[in-house]
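Structure data follow from entry-v1.cif (mmCIF, C-alpha atoms and all ligand atoms):
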```
data_protein
loop_
_atom_site.label_atom_id
_atom_site.label_comp_id
_atom_site.auth_asym_id
_atom_site.auth_seq_id
_atom_site.Cartn_x
_atom_site.Cartn_y
_atom_site.Cartn_z
CA MET S 1 0.00 0.00 0.00
CA LYS S 2 1.24 3.50 -0.82
CA ALA S 3 1.96 5.80 2.15
CA VAL S 4 0.83 8.84 0.15
CA GLU S 5 -1.05 9.03 -3.11
CA LEU S 6 -1.97 12.26 -4.92
CA LEU S 7 -4.17 12.06 -7.96
CA ASP S 8 -4.67 15.22 -9.98
CA LEU S 9 -4.56 17.48 -6.92
CA THR S 10 -5.60 21.00 -7.88
CA TYR S 11 -6.07 23.85 -5.42
CA ARG S 12 -6.99 27.49 -5.59
CA TYR S 13 -7.02 29.68 -2.45
CA PRO S 14 -10.32 31.40 -1.65
CA ASP S 15 -8.92 34.71 -2.96
CA GLY S 16 -8.48 33.06 -6.37
CA SER S 17 -4.70 32.41 -6.24
CA ALA S 18 -3.98 29.21 -8.16
CA ALA S 19 -1.58 27.21 -5.97
CA LEU S 20 -1.59 23.64 -7.33
CA GLY S 21 -2.54 22.38 -10.79
CA GLY S 22 -2.94 18.67 -11.46
CA ILE S 23 -0.36 17.16 -9.10
CA SER S 24 -0.06 13.36 -9.20
CA PHE S 25 2.58 11.22 -7.50
CA SER S 26 2.87 8.66 -4.75
CA LEU S 27 5.27 7.72 -1.94
CA ASP S 28 6.00 4.16 -0.89
CA ALA S 29 6.14 3.28 2.79
CA GLY S 30 9.44 4.54 4.20
CA GLU S 31 10.40 6.47 1.04
CA ARG S 32 12.16 9.83 1.60
CA VAL S 33 11.27 12.39 -1.03
CA ALA S 34 12.33 16.04 -1.28
CA LEU S 35 9.98 18.70 -2.56
CA ILE S 36 12.04 21.50 -4.10
CA GLY S 37 11.19 24.63 -6.03
CA PRO S 38 11.23 28.43 -5.77
CA ASN S 39 9.14 30.49 -3.32
CA GLY S 40 5.50 30.32 -4.24
CA ALA S 41 5.86 27.00 -6.11
CA GLY S 42 3.16 25.38 -3.98
CA LYS S 43 5.28 23.25 -1.64
CA SER S 44 3.63 24.35 1.62
CA THR S 45 0.17 24.20 0.08
CA LEU S 46 0.83 20.62 -1.02
CA LEU S 47 1.98 19.54 2.45
CA LEU S 48 -1.08 21.11 4.10
CA HIS S 49 -3.25 18.88 1.90
CA LEU S 50 -1.76 15.72 3.36
CA ASN S 51 -3.74 16.00 6.56
CA GLY S 52 -6.73 17.87 5.28
CA LEU S 53 -5.87 21.37 6.48
CA LEU S 54 -7.02 22.77 3.17
CA PRO S 55 -10.12 20.68 2.52
CA GLU S 56 -11.53 20.36 -0.93
CA ARG S 57 -15.15 21.01 -1.68
CA PRO S 58 -17.10 18.20 0.04
CA ALA S 59 -18.75 17.06 -3.18
CA VAL S 60 -15.39 16.44 -4.84
CA PRO S 61 -13.76 13.06 -4.10
CA SER S 62 -10.42 13.55 -2.34
CA ALA S 63 -7.36 13.72 -4.53
CA VAL S 64 -5.21 12.71 -1.55
CA THR S 65 -4.96 9.25 -0.01
CA ILE S 66 -2.88 8.44 3.08
CA CYS S 67 -2.11 4.78 3.86
CA GLY S 68 -5.07 3.76 1.73
CA GLU S 69 -7.56 6.22 3.25
CA PRO S 70 -8.91 9.24 1.38
CA VAL S 71 -8.36 12.55 3.18
CA VAL S 72 -11.99 13.44 3.82
CA GLN S 73 -13.63 14.82 6.94
CA GLU S 74 -14.87 11.49 8.28
CA ASN S 75 -11.28 10.12 8.17
CA PHE S 76 -9.52 13.17 9.61
CA PHE S 77 -8.83 11.58 13.00
CA ARG S 78 -7.10 8.54 11.50
CA VAL S 79 -5.40 10.52 8.74
CA ARG S 80 -3.97 12.99 11.26
CA LYS S 81 -2.70 10.10 13.36
CA ASN S 82 -0.86 8.83 10.28
CA VAL S 83 0.54 12.17 9.10
CA GLY S 84 2.92 14.20 11.23
CA LEU S 85 3.04 17.72 9.79
CA LEU S 86 5.84 20.11 10.73
CA PHE S 87 4.69 23.63 9.85
CA GLN S 88 6.99 26.08 8.14
CA ASP S 89 6.56 28.58 10.99
CA PRO S 90 6.99 27.05 14.47
CA ASP S 91 4.83 29.82 15.94
CA ASP S 92 1.88 28.34 14.00
CA GLN S 93 2.45 25.00 15.73
CA LEU S 94 3.15 25.92 19.37
CA PHE S 95 0.22 27.10 21.44
CA CYS S 96 0.69 25.77 25.00
CA PRO S 97 2.19 27.49 28.06
CA THR S 98 4.92 24.86 28.44
CA VAL S 99 7.04 22.70 26.17
CA PHE S 100 5.68 19.65 28.00
CA GLU S 101 2.07 20.49 27.14
CA ASP S 102 2.90 21.18 23.51
CA VAL S 103 4.76 17.90 23.01
CA ALA S 104 2.15 15.96 25.03
CA PHE S 105 -0.77 17.30 22.98
CA GLY S 106 -0.84 14.57 20.32
CA PRO S 107 -0.44 11.50 22.58
CA ARG S 108 -3.01 12.92 25.05
CA GLN S 109 -5.54 12.99 22.21
CA PHE S 110 -4.78 9.33 21.62
CA GLY S 111 -5.40 8.52 25.29
CA LEU S 112 -1.98 8.52 26.93
CA ALA S 113 -1.66 10.10 30.43
CA GLY S 114 0.33 10.14 33.67
CA ALA S 115 3.79 8.63 34.01
CA ALA S 116 3.65 6.90 30.62
CA LEU S 117 2.95 10.26 28.96
CA ALA S 118 5.71 12.02 30.91
CA ALA S 119 8.21 9.32 29.94
CA LYS S 120 7.24 9.56 26.29
CA VAL S 121 7.54 13.36 26.28
CA GLY S 122 10.96 13.10 27.95
CA ALA S 123 12.14 10.61 25.33
CA ALA S 124 10.82 12.74 22.44
CA LEU S 125 12.60 15.84 23.78
CA ALA S 126 15.83 13.86 24.20
CA GLN S 127 15.47 12.65 20.60
CA VAL S 128 15.57 16.25 19.34
CA GLY S 129 18.35 17.36 21.72
CA LEU S 130 16.12 19.18 24.22
CA ALA S 131 16.22 16.87 27.26
CA GLY S 132 14.98 18.69 30.35
CA TYR S 133 13.08 21.44 28.50
CA GLU S 134 9.65 20.28 29.76
CA ASN S 135 8.83 23.31 31.91
CA ARG S 136 10.17 26.02 29.59
CA PRO S 137 7.61 28.36 27.98
CA PRO S 138 7.89 27.88 24.19
CA HIS S 139 7.70 31.62 23.49
CA HIS S 140 11.02 32.15 25.32
CA LEU S 141 12.92 29.69 23.13
CA SER S 142 15.09 30.48 20.13
CA ARG S 143 13.64 29.77 16.66
CA GLY S 144 15.84 26.67 16.34
CA GLU S 145 14.70 25.38 19.74
CA LYS S 146 11.06 26.05 18.86
CA ARG S 147 11.48 24.07 15.65
CA ARG S 148 12.91 21.16 17.65
CA VAL S 149 9.96 21.28 20.06
CA CYS S 150 7.59 21.13 17.07
CA LEU S 151 9.49 18.15 15.74
CA ALA S 152 9.30 16.39 19.12
CA GLY S 153 5.53 16.96 19.09
CA VAL S 154 5.33 15.35 15.66
CA LEU S 155 7.69 12.42 16.28
CA ILE S 156 6.09 11.47 19.60
CA CYS S 157 3.02 10.26 17.69
CA GLU S 158 5.16 7.92 15.54
CA PRO S 159 3.32 8.78 12.32
CA ALA S 160 3.67 6.60 9.20
CA VAL S 161 4.12 9.75 7.12
CA LEU S 162 6.15 12.85 7.93
CA ALA S 163 5.34 16.04 6.05
CA LEU S 164 8.16 18.45 6.90
CA ASP S 165 8.15 22.07 5.77
CA GLU S 166 11.69 23.50 5.82
CA PRO S 167 12.78 21.38 8.80
CA THR S 168 16.41 22.60 8.90
CA THR S 169 15.67 26.34 8.80
CA ASP S 170 16.94 28.16 11.93
CA LEU S 171 19.04 25.21 13.04
CA ASP S 172 22.76 25.70 13.68
CA PRO S 173 25.16 23.40 11.78
CA ARG S 174 25.27 20.82 14.58
CA GLY S 175 21.49 20.93 14.85
CA ARG S 176 21.20 20.33 11.09
CA ARG S 177 23.61 17.39 11.23
CA GLU S 178 21.72 15.84 14.15
CA LEU S 179 18.35 16.36 12.48
CA LYS S 180 19.49 14.80 9.20
CA SER S 181 20.88 11.80 11.04
CA LEU S 182 17.67 11.44 13.08
CA LEU S 183 15.47 11.63 9.97
CA ARG S 184 17.56 8.95 8.25
CA GLN S 185 16.89 6.58 11.13
CA LEU S 186 13.11 6.99 11.15
CA PRO S 187 10.98 4.35 9.40
CA ALA S 188 8.30 6.89 8.31
CA ALA S 189 7.75 7.91 4.70
CA GLN S 190 8.97 11.50 4.45
CA LEU S 191 7.97 14.34 2.16
CA ILE S 192 10.35 17.22 2.85
CA ALA S 193 9.85 20.70 1.40
CA THR S 194 13.23 22.38 1.54
CA HIS S 195 15.80 24.75 0.08
CA ASP S 196 18.52 22.86 1.98
CA LEU S 197 20.02 20.95 -0.93
CA GLU S 198 22.46 19.14 1.35
CA LEU S 199 19.49 17.66 3.15
CA VAL S 200 18.08 16.59 -0.23
CA VAL S 201 21.30 14.92 -1.35
CA GLU S 202 22.11 13.29 2.00
CA ASN S 203 18.65 12.11 3.03
CA CYS S 204 16.41 11.66 0.03
CA THR S 205 16.30 9.00 -2.65
CA ARG S 206 14.06 11.09 -4.86
CA ALA S 207 13.35 14.76 -5.50
CA ILE S 208 10.29 16.39 -7.00
CA LEU S 209 10.75 19.83 -8.53
CA LEU S 210 7.66 21.99 -8.30
CA ASP S 211 7.11 25.37 -9.96
CA ARG S 212 3.90 27.38 -10.28
CA GLY S 213 1.91 24.52 -8.83
CA ARG S 214 3.09 21.92 -11.33
CA ILE S 215 5.60 19.08 -11.28
CA ILE S 216 8.56 19.97 -13.50
CA ALA S 217 10.76 16.95 -12.74
CA ASP S 218 10.74 13.85 -10.53
CA GLY S 219 13.87 11.72 -10.15
CA PRO S 220 17.02 10.89 -8.20
CA PRO S 221 18.38 14.01 -6.43
CA SER S 222 21.86 13.60 -7.91
CA ALA S 223 20.45 13.75 -11.46
CA LEU S 224 18.01 16.62 -10.84
CA LEU S 225 20.29 18.84 -8.82
CA ALA S 226 23.25 18.33 -11.13
CA ASP S 227 21.21 19.73 -14.04
CA GLU S 228 22.31 23.33 -13.68
CA THR S 229 20.10 24.62 -16.49
CA LEU S 230 17.04 23.04 -14.90
CA MET S 231 17.96 24.35 -11.44
CA LEU S 232 18.57 27.91 -12.61
CA ALA S 233 15.39 27.94 -14.70
CA HIS S 234 13.41 27.28 -11.53
CA GLY S 235 15.07 29.62 -9.06
CA LEU S 236 17.47 27.07 -7.59
CA GLU S 237 21.16 26.29 -7.95
CA ARG S 238 23.42 23.30 -8.38
CA PRO S 239 24.60 22.59 -4.82
CA HIS S 240 28.33 22.72 -4.06
CA ILE S 241 28.02 19.41 -2.22
CA LEU S 242 27.70 17.62 -5.58
CA SER S 243 31.16 18.74 -6.63
CA HIS S 244 32.56 17.00 -3.51
CA ALA S 245 30.84 13.73 -4.40
CA HIS S 246 33.60 12.61 -6.79
CA PRO S 247 34.79 9.12 -5.71
CA HIS S 248 38.54 9.86 -5.51
CA ARG S 249 37.85 12.77 -3.13
CA SER S 250 35.90 10.69 -0.63
CA GLN S 251 39.06 8.97 0.71
CA GLY S 252 40.05 11.37 3.48
CA GLY S 253 41.94 14.49 2.47
CA SER S 254 40.54 17.90 3.27
P1 LIG H 301 5.94 27.54 -1.42
O1 LIG H 301 5.73 26.78 -0.16
O2 LIG H 301 6.50 26.68 -2.52
O3 LIG H 301 6.76 28.79 -1.22
P2 LIG H 301 3.11 28.16 -1.21
O4 LIG H 301 2.42 26.85 -1.15
O5 LIG H 301 3.32 28.89 0.08
O6 LIG H 301 4.50 27.99 -1.97
O7 LIG H 301 2.31 29.13 -2.19
C1 LIG H 301 1.80 28.71 -3.44
C2 LIG H 301 0.98 29.86 -4.03
O8 LIG H 301 -0.20 30.06 -3.24
C3 LIG H 301 1.71 31.21 -4.05
O9 LIG H 301 1.33 31.87 -5.23
C4 LIG H 301 1.19 31.91 -2.83
O10 LIG H 301 1.24 33.30 -3.00
C5 LIG H 301 -0.24 31.39 -2.75
N1 LIG H 301 -0.74 31.34 -1.35
C6 LIG H 301 -0.16 30.70 -0.31
N2 LIG H 301 -0.89 30.84 0.82
C7 LIG H 301 -1.97 31.58 0.47
C8 LIG H 301 -3.11 32.08 1.18
N3 LIG H 301 -3.32 31.79 2.48
N4 LIG H 301 -4.02 32.81 0.49
C9 LIG H 301 -3.84 33.09 -0.81
N5 LIG H 301 -2.79 32.65 -1.54
C10 LIG H 301 -1.87 31.91 -0.92
#
```
Write the structure described by the file as structure tokens, please.
Ligand code: ADP
Amino acid sequence: MKAVELLDLTYRYPDGSAALGGISFSLDAGERVALIGPNGAGKSTLLLHLNGLLPERPAVPSAVTICGEPVVQENFFRVRKNVGLLFQDPDDQLFCPTVFEDVAFGPRQFGLAGAALAAKVGAALAQVGLAGYENRPPHHLSRGEKRRVCLAGVLICEPAVLALDEPTTDLDPRGRRELKSLLRQLPAAQLIATHDLELVVENCTRAILLDRGRIIADGPPSALLADETLMLAHGLERPHILSHAHPHRSQGGS
């Protein structure tokens, strides 16, 4: 069964802005796919569709299926259990007075409480490098710390699908390294909207290039990102990391 399936997904915001036009692709269980493209390409809009945050008109059958279930109102509870969405702006995701409450929000909804909940929150915070942050108010944290709290709140629910919007933004280099390594260890299918081309090359087996709401290319990151003409035509660039990928340079040296 596919983890994510999009079939001719088209979306226009209520003010008339066309955001997505006829998007079709699927993700296998455990597949890690990057969503790249310039600002305004439709990446965030696409991710919001995965858990029904931008519902289609009720009469229209859903163009989005998660783990075999169409994303329609009557399935929202199960769909949202399966999809962990990391928002682009952490301030859109954090709304509780303490880090503990924010991270505990998901598992509480699924019935966890007491010591089991506290242990799970502690483990999730440790996973993102924030052990001991339980009693801190989220609004006093740095942007990078807030993003890690959001990630803990997503990972604690162990979703089958992760929809991550710019997950490495605001993180310092060590934080980025740790996040990339953590994401590589997770069994979830991952759809990652990002401008961090190192993340794409190091973590993803496939990249989808989106521009003006349409898929321009879909293939292995090394092939897509190495195509300088394609990258420049869509507001991106060939990442420097690819020039270090030559085999004879991987044996030590500087
Ligand atoms: P990306 O994440 O690739 O930068 P977005 O999904 O944010 O792209 O935006 C896709 C298009 O939809 C853009 O043209 C953007 O201006 C428009 N858009 C995004 N959010 C809204 C909104 N809330 N209302 C109207 N238009 C929007």
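Going from CA of Ala163 (chain S) to CA of Gly175 (chain S) covers 19.0 Å.
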Next item on the list: May I ask you to write as a PyMOL selection string all residues lying at most 8 Å from ligand LIG 301 (chain H), with all atoms listed in the file counted?
Entry: chain S and resi 12-20+36-46+165+193+210-213
Checklist line | Residue among S:Pro138, S:Pro239, S:Pro187, S:Pro97 lying closest to Val201 (chain S), counting all atoms listed in the file | finding: S:Pro239
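Relative to CA of Val161 (chain S), CA of Ala3 (chain S) is found at 6.7 Å.
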Let me know the centre plus edge lengths, in Å and rounded to one decimal, of a box with edges along x, y and z that contains all listed atoms of region 119-126 of chain S and is padded by 8 Å on every side, as lines of an AutoDock Vina configuration file.
```
center_x = 11.5
center_y = 12.6
center_z = 26.2
size_x = 24.6
size_y = 22.5
size_z = 23.5
```
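The smallest atom-to-atom distance between Leu191 (chain S) and any of S:Leu242, S:Ile208, S:Leu155, S:Leu224, using only C-alpha atoms, is found for S:Ile208.
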Next item on the list: Considering all atoms listed in the file, state which residue in the set S:Ala29, S:Ala34, S:Ala223, S:Ala152 is at the smallest distance from Leu85 (chain S).
Entry: S:Ala152
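Counting from CA of Lys120 (chain S), the distance to CA of Leu151 (chain S) is 13.8 Å.
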Check: From the set S:Ile241, S:Leu130, S:Leu171, S:Ile66, which residue has the shortest atom-to-atom contact distance to Ala189 (chain S), counting all atoms listed in the file?
Finding: S:Ile66
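Considering all atoms listed in the file, the residue among S:Gln190, S:Ser243, S:Ser222, S:Asn203 positioned nearest to Gly84 (chain S) is S:Gln190.
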May I have the residues within 12 Å of Ala126 (chain S) as a CSV table (one decimal) with C-alpha atoms, in the coordinates of the input, using only C-alpha atoms and disregarding those fewer than 3 positions away in the same chain?
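What landed in out_16.csv:
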```
chain,number,residue,atom,x,y,z
S,103,VAL,CA,4.8,17.9,23.0
S,119,ALA,CA,8.2,9.3,29.9
S,120,LYS,CA,7.2,9.6,26.3
S,121,VAL,CA,7.5,13.4,26.3
S,122,GLY,CA,11.0,13.1,28.0
S,123,ALA,CA,12.1,10.6,25.3
S,129,GLY,CA,18.4,17.4,21.7
S,130,LEU,CA,16.1,19.2,24.2
S,131,ALA,CA,16.2,16.9,27.3
S,132,GLY,CA,15.0,18.7,30.4
S,133,TYR,CA,13.1,21.4,28.5
S,134,GLU,CA,9.6,20.3,29.8
S,148,ARG,CA,12.9,21.2,17.6
S,149,VAL,CA,10.0,21.3,20.1
S,151,LEU,CA,9.5,18.2,15.7
S,152,ALA,CA,9.3,16.4,19.1
S,153,GLY,CA,5.5,17.0,19.1
S,155,LEU,CA,7.7,12.4,16.3
S,156,ILE,CA,6.1,11.5,19.6
S,178,GLU,CA,21.7,15.8,14.2
S,182,LEU,CA,17.7,11.4,13.1
```
Checklist line | Contact residues around Thr10 (chain S) with all atoms listed in the file at 7 Å, ignoring same-chain residues under 5 positions, as a ChimeraX atom specification | finding: /S:20-23
